[in-house]
file protein_13.cif (mmCIF, C-alpha atoms and all ligand atoms)
data_final
#
loop_
_atom_site.group_PDB
_atom_site.id
_atom_site.type_symbol
_atom_site.label_atom_id
_atom_site.label_comp_id
_atom_site.auth_asym_id
_atom_site.auth_seq_id
_atom_site.Cartn_x
_atom_site.Cartn_y
_atom_site.Cartn_z
ATOM 1 C CA MET A 1 10.943 -0.065 -9.263
ATOM 2 C CA SER A 2 7.244 -0.748 -9.248
ATOM 3 C CA ALA A 3 5.207 0.075 -12.319
ATOM 4 C CA PHE A 4 3.963 3.566 -12.820
ATOM 5 C CA HIS A 5 0.199 3.846 -13.111
ATOM 6 C CA ASN A 6 -2.107 6.805 -13.471
ATOM 7 C CA TYR A 7 -5.498 6.614 -11.812
ATOM 8 C CA TRP A 8 -8.514 8.796 -12.369
ATOM 9 C CA CYS A 9 -12.235 8.913 -11.816
ATOM 10 C CA SER A 10 -14.667 9.062 -14.730
ATOM 11 C CA GLY A 11 -17.134 11.124 -12.721
ATOM 12 C CA CYS A 12 -15.081 13.897 -11.125
ATOM 13 C CA ASP A 13 -11.594 15.409 -11.121
ATOM 14 C CA LEU A 14 -10.070 12.862 -8.729
ATOM 15 C CA GLU A 15 -6.740 11.687 -10.098
ATOM 16 C CA GLY A 16 -3.408 10.392 -8.902
ATOM 17 C CA SER A 17 -0.690 7.869 -9.544
ATOM 18 C CA SER A 18 1.108 4.908 -8.065
ATOM 19 C CA THR A 19 3.976 7.182 -6.997
ATOM 20 C CA CYS A 20 2.019 7.812 -3.781
ATOM 21 C CA THR A 21 3.133 4.341 -2.653
ATOM 22 C CA TRP A 22 6.790 4.854 -3.604
ATOM 23 C CA GLY A 23 9.473 5.784 -1.144
ATOM 24 C CA ASP A 24 10.090 4.186 2.213
ATOM 25 C CA PHE A 25 7.269 3.542 4.624
ATOM 26 C CA PHE A 26 8.273 1.609 7.750
ATOM 27 C CA TYR A 27 6.673 0.205 10.851
ATOM 28 C CA GLN A 28 8.977 0.871 13.758
ATOM 29 C CA ILE A 29 8.105 -1.754 16.357
ATOM 30 C CA GLY A 30 10.590 -1.764 19.207
ATOM 31 C CA THR A 31 13.908 -2.281 17.471
ATOM 32 C CA TYR A 32 12.246 -3.884 14.436
ATOM 33 C CA ARG A 33 11.739 -1.967 11.265
ATOM 34 C CA PHE A 34 9.485 -3.381 8.582
ATOM 35 C CA SER A 35 8.521 -2.041 5.208
ATOM 36 C CA ILE A 36 4.758 -1.401 5.256
ATOM 37 C CA PRO A 37 2.831 -3.477 2.712
ATOM 38 C CA ARG A 38 0.785 -0.863 0.857
ATOM 39 C CA ARG A 39 -1.220 -0.075 -2.238
ATOM 40 C CA ALA A 40 -2.754 2.966 -3.830
ATOM 41 C CA GLY A 41 -6.233 3.695 -2.540
ATOM 42 C CA VAL A 42 -8.988 6.290 -2.708
ATOM 43 C CA CYS A 43 -9.053 8.042 0.675
ATOM 44 C CA TYR A 44 -12.347 9.764 1.449
ATOM 45 C CA ASN A 45 -10.773 11.836 4.184
ATOM 46 C CA CYS A 46 -7.844 13.152 2.090
ATOM 47 C CA GLU A 47 -10.176 13.204 -0.933
ATOM 48 C CA SER A 48 -7.258 12.033 -2.998
ATOM 49 C CA ILE A 49 -5.358 8.975 -4.115
ATOM 50 C CA THR A 50 -2.950 7.963 -1.370
ATOM 51 C CA ALA A 51 -0.869 5.056 -0.079
ATOM 52 C CA VAL A 52 -2.940 2.799 2.183
ATOM 53 C CA GLU A 53 -1.924 -0.073 4.468
ATOM 54 C CA ILE A 54 -2.467 -3.668 3.498
ATOM 55 C CA LEU A 55 -2.373 -5.688 6.713
ATOM 56 C CA PRO A 56 -0.956 -9.221 6.581
ATOM 57 C CA ASP A 57 -3.608 -11.849 6.003
ATOM 58 C CA GLN A 58 -3.100 -14.045 9.074
ATOM 59 C CA THR A 59 -5.302 -16.877 7.757
ATOM 60 C CA ALA A 60 -3.529 -17.059 4.397
ATOM 61 C CA LEU A 61 -0.121 -16.979 6.099
ATOM 62 C CA HIS A 62 -1.038 -19.796 8.498
ATOM 63 C CA LYS A 63 -2.185 -21.836 5.540
ATOM 64 C CA LYS A 64 1.096 -21.272 3.686
ATOM 65 C CA VAL A 65 3.120 -22.174 6.781
ATOM 66 C CA LYS A 66 1.108 -25.396 7.155
ATOM 67 C CA GLN A 67 1.774 -26.289 3.520
ATOM 68 C CA ILE A 68 5.551 -26.074 3.871
ATOM 69 C CA LYS A 69 5.670 -27.408 7.437
ATOM 70 C CA GLY A 70 8.156 -30.253 7.832
ATOM 71 C CA LYS A 71 9.568 -29.673 4.328
ATOM 72 C CA SER A 72 11.534 -26.520 4.999
ATOM 73 C CA ALA A 73 11.666 -23.475 7.185
ATOM 74 C CA PRO A 74 9.997 -20.369 5.763
ATOM 75 C CA THR A 75 12.566 -18.161 4.086
ATOM 76 C CA GLY A 76 12.812 -14.761 2.434
ATOM 77 C CA TYR A 77 9.598 -12.914 1.809
ATOM 78 C CA LEU A 78 7.388 -15.484 3.574
ATOM 79 C CA ALA A 79 9.562 -15.459 6.704
ATOM 80 C CA GLU A 80 9.398 -11.672 6.727
ATOM 81 C CA GLN A 81 5.620 -11.702 6.348
ATOM 82 C CA ILE A 82 5.267 -14.194 9.201
ATOM 83 C CA GLU A 83 7.430 -12.078 11.458
ATOM 84 C CA LEU A 84 5.493 -8.948 10.590
ATOM 85 C CA ALA A 85 2.180 -10.749 11.090
ATOM 86 C CA SER A 86 3.232 -11.909 14.548
ATOM 87 C CA LEU A 87 4.319 -8.371 15.471
ATOM 88 C CA LEU A 88 0.952 -7.059 14.282
ATOM 89 C CA GLU A 89 -1.093 -9.832 15.870
ATOM 90 C CA LYS A 90 -2.273 -7.673 18.765
ATOM 91 C CA ARG A 91 -2.925 -4.680 16.580
ATOM 92 C CA GLU A 92 -6.232 -3.004 17.378
ATOM 93 C CA SER A 93 -6.709 -0.653 14.433
ATOM 94 C CA GLN A 94 -8.179 -1.328 11.050
ATOM 95 C CA PRO A 95 -5.879 -0.511 8.120
ATOM 96 C CA ARG A 96 -5.225 3.186 7.657
ATOM 97 C CA CYS A 97 -4.516 5.730 4.983
ATOM 98 C CA LEU A 98 -0.782 6.401 5.374
ATOM 99 C CA GLU A 99 -1.304 10.118 4.741
ATOM 100 C CA CYS A 100 -4.044 10.967 7.222
ATOM 101 C CA GLY A 101 -4.622 7.842 9.338
ATOM 102 C CA SER A 102 -8.264 7.494 8.277
ATOM 103 C CA HIS A 103 -9.899 4.078 7.838
ATOM 104 C CA ASN A 104 -12.269 5.534 5.287
ATOM 105 C CA PHE A 105 -10.669 4.409 2.044
ATOM 106 C CA GLN A 106 -10.949 1.852 -0.731
ATOM 107 C CA VAL A 107 -7.967 -0.024 -2.130
ATOM 108 C CA ILE A 108 -7.639 0.333 -5.898
ATOM 109 C CA PRO A 109 -7.787 -3.245 -7.173
ATOM 110 C CA LYS A 110 -4.908 -4.682 -9.148
ATOM 111 C CA ILE A 111 -5.682 -4.893 -12.789
ATOM 112 C CA ASP A 112 -3.881 -7.041 -15.281
ATOM 113 C CA VAL A 113 -2.648 -4.542 -17.848
ATOM 114 C CA GLY A 114 -1.023 -7.394 -19.761
ATOM 115 C CA PRO A 115 2.512 -7.683 -21.084
ATOM 116 C CA GLY A 116 4.034 -5.745 -23.949
ATOM 117 C CA ARG A 117 3.817 -2.267 -25.322
ATOM 118 C CA LEU A 118 0.443 -2.664 -26.960
ATOM 119 C CA THR A 119 -1.385 -2.232 -23.691
ATOM 120 C CA LEU A 120 0.645 0.782 -22.643
ATOM 121 C CA ASN A 121 -1.353 3.966 -22.423
ATOM 122 C CA THR A 122 -4.663 2.115 -22.803
ATOM 123 C CA PRO A 123 -7.161 3.139 -20.136
ATOM 124 C CA ARG A 124 -8.577 0.197 -18.180
ATOM 125 C CA LYS A 125 -11.607 0.275 -15.964
ATOM 126 C CA THR A 126 -11.115 -1.137 -12.463
ATOM 127 C CA ASN A 127 -14.165 -2.469 -10.640
ATOM 128 C CA LEU A 128 -13.883 0.318 -8.090
ATOM 129 C CA ILE A 129 -16.677 2.878 -7.845
ATOM 130 C CA HIS A 130 -15.791 6.275 -6.401
ATOM 131 C CA LYS A 131 -18.424 6.470 -3.675
ATOM 132 C CA LYS A 132 -18.395 10.258 -3.598
ATOM 133 C CA CYS A 133 -19.547 10.780 -7.180
ATOM 134 C CA GLY A 134 -20.507 7.320 -8.448
ATOM 135 C CA GLY A 135 -17.848 7.442 -11.172
ATOM 136 C CA LYS A 136 -15.550 4.584 -12.023
ATOM 137 C CA ILE A 137 -11.842 4.459 -11.236
ATOM 138 C CA TYR A 138 -9.674 3.955 -14.320
ATOM 139 C CA VAL A 139 -6.032 2.993 -14.561
ATOM 140 C CA ARG A 140 -3.479 3.519 -17.301
ATOM 141 C CA GLN A 141 0.201 2.741 -17.628
ATOM 142 C CA PRO A 142 1.497 5.730 -19.582
ATOM 143 C CA LEU A 143 4.252 5.582 -22.183
ATOM 144 C CA LEU A 144 6.297 8.175 -20.409
ATOM 145 C CA HIS A 145 6.268 9.818 -17.097
ATOM 146 C CA ILE A 146 8.255 12.390 -15.231
ATOM 147 C CA ASP A 147 9.181 11.232 -11.787
ATOM 148 C CA GLY A 148 8.989 14.154 -9.440
ATOM 149 C CA HIS A 149 8.355 12.073 -6.365
ATOM 150 C CA ASP A 150 9.973 12.908 -3.076
ATOM 151 C CA ARG A 151 11.224 9.699 -1.455
ATOM 152 C CA LYS A 152 11.647 10.511 2.177
ATOM 153 C CA GLU A 153 11.503 7.838 4.844
ATOM 154 C CA ARG A 154 8.359 7.756 6.919
ATOM 155 C CA PHE A 155 7.802 5.856 10.129
ATOM 156 C CA TYR A 156 4.661 4.493 11.729
ATOM 157 C CA THR A 157 3.662 2.723 14.927
ATOM 158 C CA LYS A 158 2.265 -0.770 14.679
ATOM 159 C CA GLU A 159 -1.193 0.827 14.803
ATOM 160 C CA GLY A 160 -0.332 2.639 11.566
ATOM 161 C CA ILE A 161 0.073 6.082 13.139
ATOM 162 C CA GLU A 162 2.824 8.207 11.674
ATOM 163 C CA VAL A 163 5.558 9.317 14.039
ATOM 164 C CA THR A 164 8.019 12.081 13.358
ATOM 165 C CA TYR A 165 11.752 11.773 13.050
ATOM 166 C CA GLN A 166 12.297 13.472 16.423
ATOM 167 C CA THR A 167 10.192 10.991 18.393
ATOM 168 C CA HIS A 168 11.582 8.085 16.457
ATOM 169 C CA PRO A 169 12.959 5.490 18.926
ATOM 170 C CA ILE A 170 15.892 4.413 16.752
ATOM 171 C CA PHE A 171 17.478 7.835 16.929
ATOM 172 C CA LYS A 172 17.446 8.020 20.734
ATOM 173 C CA PHE A 173 20.747 6.275 21.446
HETATM 174 ZN ZN ZN B 1 -15.287 10.627 -8.630
HETATM 175 ZN ZN ZN B 2 -6.225 9.887 3.870
#
call {"tool": "encode", "arguments": {"input": "protein_13.cif", "output": "structure tokens"}}
result
Amino acid sequence: MSAFHNYWCSGCDLEGSSTCTWGDFFYQIGTYRFSIPRRAGVCYNCESITAVEILPDQTALHKKVKQIKGKSAPTGYLAEQIELASLLEKRESQPRCLECGSHNFQVIPKIDVGPGRLTLNTPRKTNLIHKKCGGKIYVRQPLLHIDGHDRKERFYTKEGIEVTYQTHPIFKF
């Protein structure tokens, strides 16, 4: 399970947690189903903290493939990323908020909260400014949390648009 983080803004009542990215988010592309790479972000359309798409970095992937070329075939995570990148190569849309489909969001940067219990519960400032109020986004890994998150599966087209269960191609046979 990924780490649980609380996020909040120092300038307004915006708050949320990393649970927004938990659960199963998939691209359904033809018969392929891929877990959507995602992070928590500040969506200015939802006006909340939501899961947002992180599109594969084609340049970085090409570089990695070049590095291992001739030595071995890409395996595991890298192979998956390459396959996903090639499926998304002709994608036209910018990354989207996975709640509302908006492009108007900022990804909350990763922050090194450090190992061990000492850093638990200590608020850390990220370098993200909440554009709406000018406040700063803080992160904290709390000592305890209650997990009330609903983990349903959600499906999206390769353009990042959510499709419902009923229109989902895999269930048509
Ligand atoms: Zn704010
Ligand atoms: Zn949104």
call {"tool": "resolve_selection", "arguments": {"input": "protein_13.cif", "expression": "the PyMOL selection byres (((chain A and resi 28-33) around 8) and not hetatm)", "output": "ChimeraX atom specification"}}
result
/A:26-27,34-35,87,155-158,169-170
call {"tool": "resolve_selection", "arguments": {"input": "protein_13.cif", "expression": "the PyMOL selection byres (((not hetatm)) within 8 of (chain B and resi 1))", "output": "CSV table (one decimal) with C-alpha atoms, in the coordinates of the input"}}
result
chain,number,residue,atom,x,y,z
A,8,TRP,CA,-8.5,8.8,-12.4
A,9,CYS,CA,-12.2,8.9,-11.8
A,10,SER,CA,-14.7,9.1,-14.7
A,11,GLY,CA,-17.1,11.1,-12.7
A,12,CYS,CA,-15.1,13.9,-11.1
A,13,ASP,CA,-11.6,15.4,-11.1
A,14,LEU,CA,-10.1,12.9,-8.7
A,129,ILE,CA,-16.7,2.9,-7.8
A,130,HIS,CA,-15.8,6.3,-6.4
A,131,LYS,CA,-18.4,6.5,-3.7
A,132,LYS,CA,-18.4,10.3,-3.6
A,133,CYS,CA,-19.5,10.8,-7.2
A,134,GLY,CA,-20.5,7.3,-8.4
A,135,GLY,CA,-17.8,7.4,-11.2
A,136,LYS,CA,-15.6,4.6,-12.0
A,137,ILE,CA,-11.8,4.5,-11.2
call {"tool": "residues_near_ligand", "arguments": {"input": "protein_13.cif", "ligand": "ligand ZN 2 (chain B)", "cutoff": "10 Å", "atoms": "only C-alpha atoms and all ligand atoms", "output": "JSON, numbers by chain"}}
result
{"A": [41, 42, 43, 44, 45, 46, 47, 48, 49, 50, 51, 52, 96, 97, 98, 99, 100, 101, 102, 103, 104, 105]}
call {"tool": "atom_distance", "arguments": {"input": "protein_13.cif", "atom1": "CA of Arg140 (chain A)", "atom2": "CA of Glu15 (chain A)"}}
result
11.4 Å
call {"tool": "atom_distance", "arguments": {"input": "protein_13.cif", "atom1": "CA of Val107 (chain A)", "atom2": "CA of Gly76 (chain A)"}}
result
25.9 Å
call {"tool": "residues_around", "arguments": {"input": "protein_13.cif", "residues": "His5 (chain A)", "least_positions_apart": "6", "cutoff": "7 Å", "atoms": "only C-alpha atoms", "output": "list in words"}}
result
Ser17, Ser18, Val139, Arg140, Gln141 and Pro142 of chain A
call {"tool": "closest_residue", "arguments": {"input": "protein_13.cif", "among": "A:Pro95, A:Pro74, A:Gly160, A:Pro109", "to": "Leu128 (chain A)", "atoms": "only C-alpha atoms"}}
result
A:Pro109
call {"tool": "atom_distance", "arguments": {"input": "protein_13.cif", "atom1": "CA of Lys152 (chain A)", "atom2": "CA of Gln106 (chain A)"}}
result
24.4 Å
call {"tool": "closest_residue", "arguments": {"input": "protein_13.cif", "among": "A:Arg38, A:Ile82, A:Leu144, A:Glu153", "to": "His62 (chain A)", "atoms": "all atoms listed in the file"}}
result
A:Ile82
call {"tool": "resolve_selection", "arguments": {"input": "protein_13.cif", "expression": "the PyMOL selection byres (((chain A and resi 55) around 8) and not hetatm)", "output": "compact mmCIF listing (two decimals) with C-alpha atoms, in the coordinates of the input"}}
result
# COMPACT_ATOMS: atom_id res chain seq x y z
CA PRO A 37 2.83 -3.48 2.71
CA GLU A 53 -1.92 -0.07 4.47
CA ILE A 54 -2.47 -3.67 3.50
CA PRO A 56 -0.96 -9.22 6.58
CA ASP A 57 -3.61 -11.85 6.00
CA PRO A 95 -5.88 -0.51 8.12
call {"tool": "closest_residue", "arguments": {"input": "protein_13.cif", "among": "A:Ser72, A:Gln58, A:Phe4, A:Gly16", "to": "Lys90 (chain A)", "atoms": "only C-alpha atoms"}}
result
A:Gln58
call {"tool": "closest_residue", "arguments": {"input": "protein_13.cif", "among": "A:Ile36, A:Gln94, A:Asn6, A:Thr164", "to": "Glu80 (chain A)", "atoms": "all atoms listed in the file"}}
result
A:Ile36
call {"tool": "axis_aligned_box", "arguments": {"input": "protein_13.cif", "around": "region 71-85 of chain A", "padding_each_side": "3 Å", "output": "AutoDock Vina command-line options"}}
result
--center_x 7.5 --center_y -19.3 --center_z 6.6 --size_x 16.6 --size_y 26.7 --size_z 15.6
call {"tool": "build_atoms", "arguments": {"input": "protein_13.cif", "residues": "region 25-38 of chain A", "atoms": "N, CA and C atoms", "output": "mmCIF file, in the coordinates of the input"}}
result
data_model
loop_
_atom_site.group_PDB
_atom_site.id
_atom_site.type_symbol
_atom_site.label_atom_id
_atom_site.label_comp_id
_atom_site.auth_asym_id
_atom_site.auth_seq_id
_atom_site.Cartn_x
_atom_site.Cartn_y
_atom_site.Cartn_z
ATOM 1 N N PHE A 25 8.226 3.490 3.523
ATOM 2 C CA PHE A 25 7.269 3.542 4.624
ATOM 3 C C PHE A 25 7.612 2.380 5.557
ATOM 4 N N PHE A 26 7.885 2.669 6.818
ATOM 5 C CA PHE A 26 8.273 1.609 7.750
ATOM 6 C C PHE A 26 7.393 1.584 8.989
ATOM 7 N N TYR A 27 7.127 0.353 9.473
ATOM 8 C CA TYR A 27 6.673 0.205 10.851
ATOM 9 C C TYR A 27 7.921 0.197 11.704
ATOM 10 N N GLN A 28 7.911 0.966 12.770
ATOM 11 C CA GLN A 28 8.977 0.871 13.758
ATOM 12 C C GLN A 28 8.356 0.238 14.981
ATOM 13 N N ILE A 29 8.708 -1.027 15.236
ATOM 14 C CA ILE A 29 8.105 -1.754 16.357
ATOM 15 C C ILE A 29 9.244 -2.208 17.252
ATOM 16 N N GLY A 30 9.416 -1.504 18.374
ATOM 17 C CA GLY A 30 10.590 -1.764 19.207
ATOM 18 C C GLY A 30 11.819 -1.487 18.367
ATOM 19 N N THR A 31 12.702 -2.468 18.281
ATOM 20 C CA THR A 31 13.908 -2.281 17.471
ATOM 21 C C THR A 31 13.715 -2.824 16.048
ATOM 22 N N TYR A 32 12.519 -3.359 15.775
ATOM 23 C CA TYR A 32 12.246 -3.884 14.436
ATOM 24 C C TYR A 32 11.774 -2.782 13.508
ATOM 25 N N ARG A 33 12.220 -2.900 12.272
ATOM 26 C CA ARG A 33 11.739 -1.967 11.265
ATOM 27 C C ARG A 33 11.303 -2.781 10.057
ATOM 28 N N PHE A 34 10.037 -2.614 9.692
ATOM 29 C CA PHE A 34 9.485 -3.381 8.582
ATOM 30 C C PHE A 34 8.874 -2.476 7.537
ATOM 31 N N SER A 35 9.152 -2.765 6.294
ATOM 32 C CA SER A 35 8.521 -2.041 5.208
ATOM 33 C C SER A 35 7.007 -2.298 5.267
ATOM 34 N N ILE A 36 6.212 -1.256 5.140
ATOM 35 C CA ILE A 36 4.758 -1.401 5.256
ATOM 36 C C ILE A 36 4.170 -1.876 3.927
ATOM 37 N N PRO A 37 3.512 -3.043 3.931
ATOM 38 C CA PRO A 37 2.831 -3.477 2.712
ATOM 39 C C PRO A 37 1.725 -2.464 2.383
ATOM 40 N N ARG A 38 1.704 -1.958 1.180
ATOM 41 C CA ARG A 38 0.785 -0.863 0.857
ATOM 42 C C ARG A 38 0.383 -0.890 -0.609
#
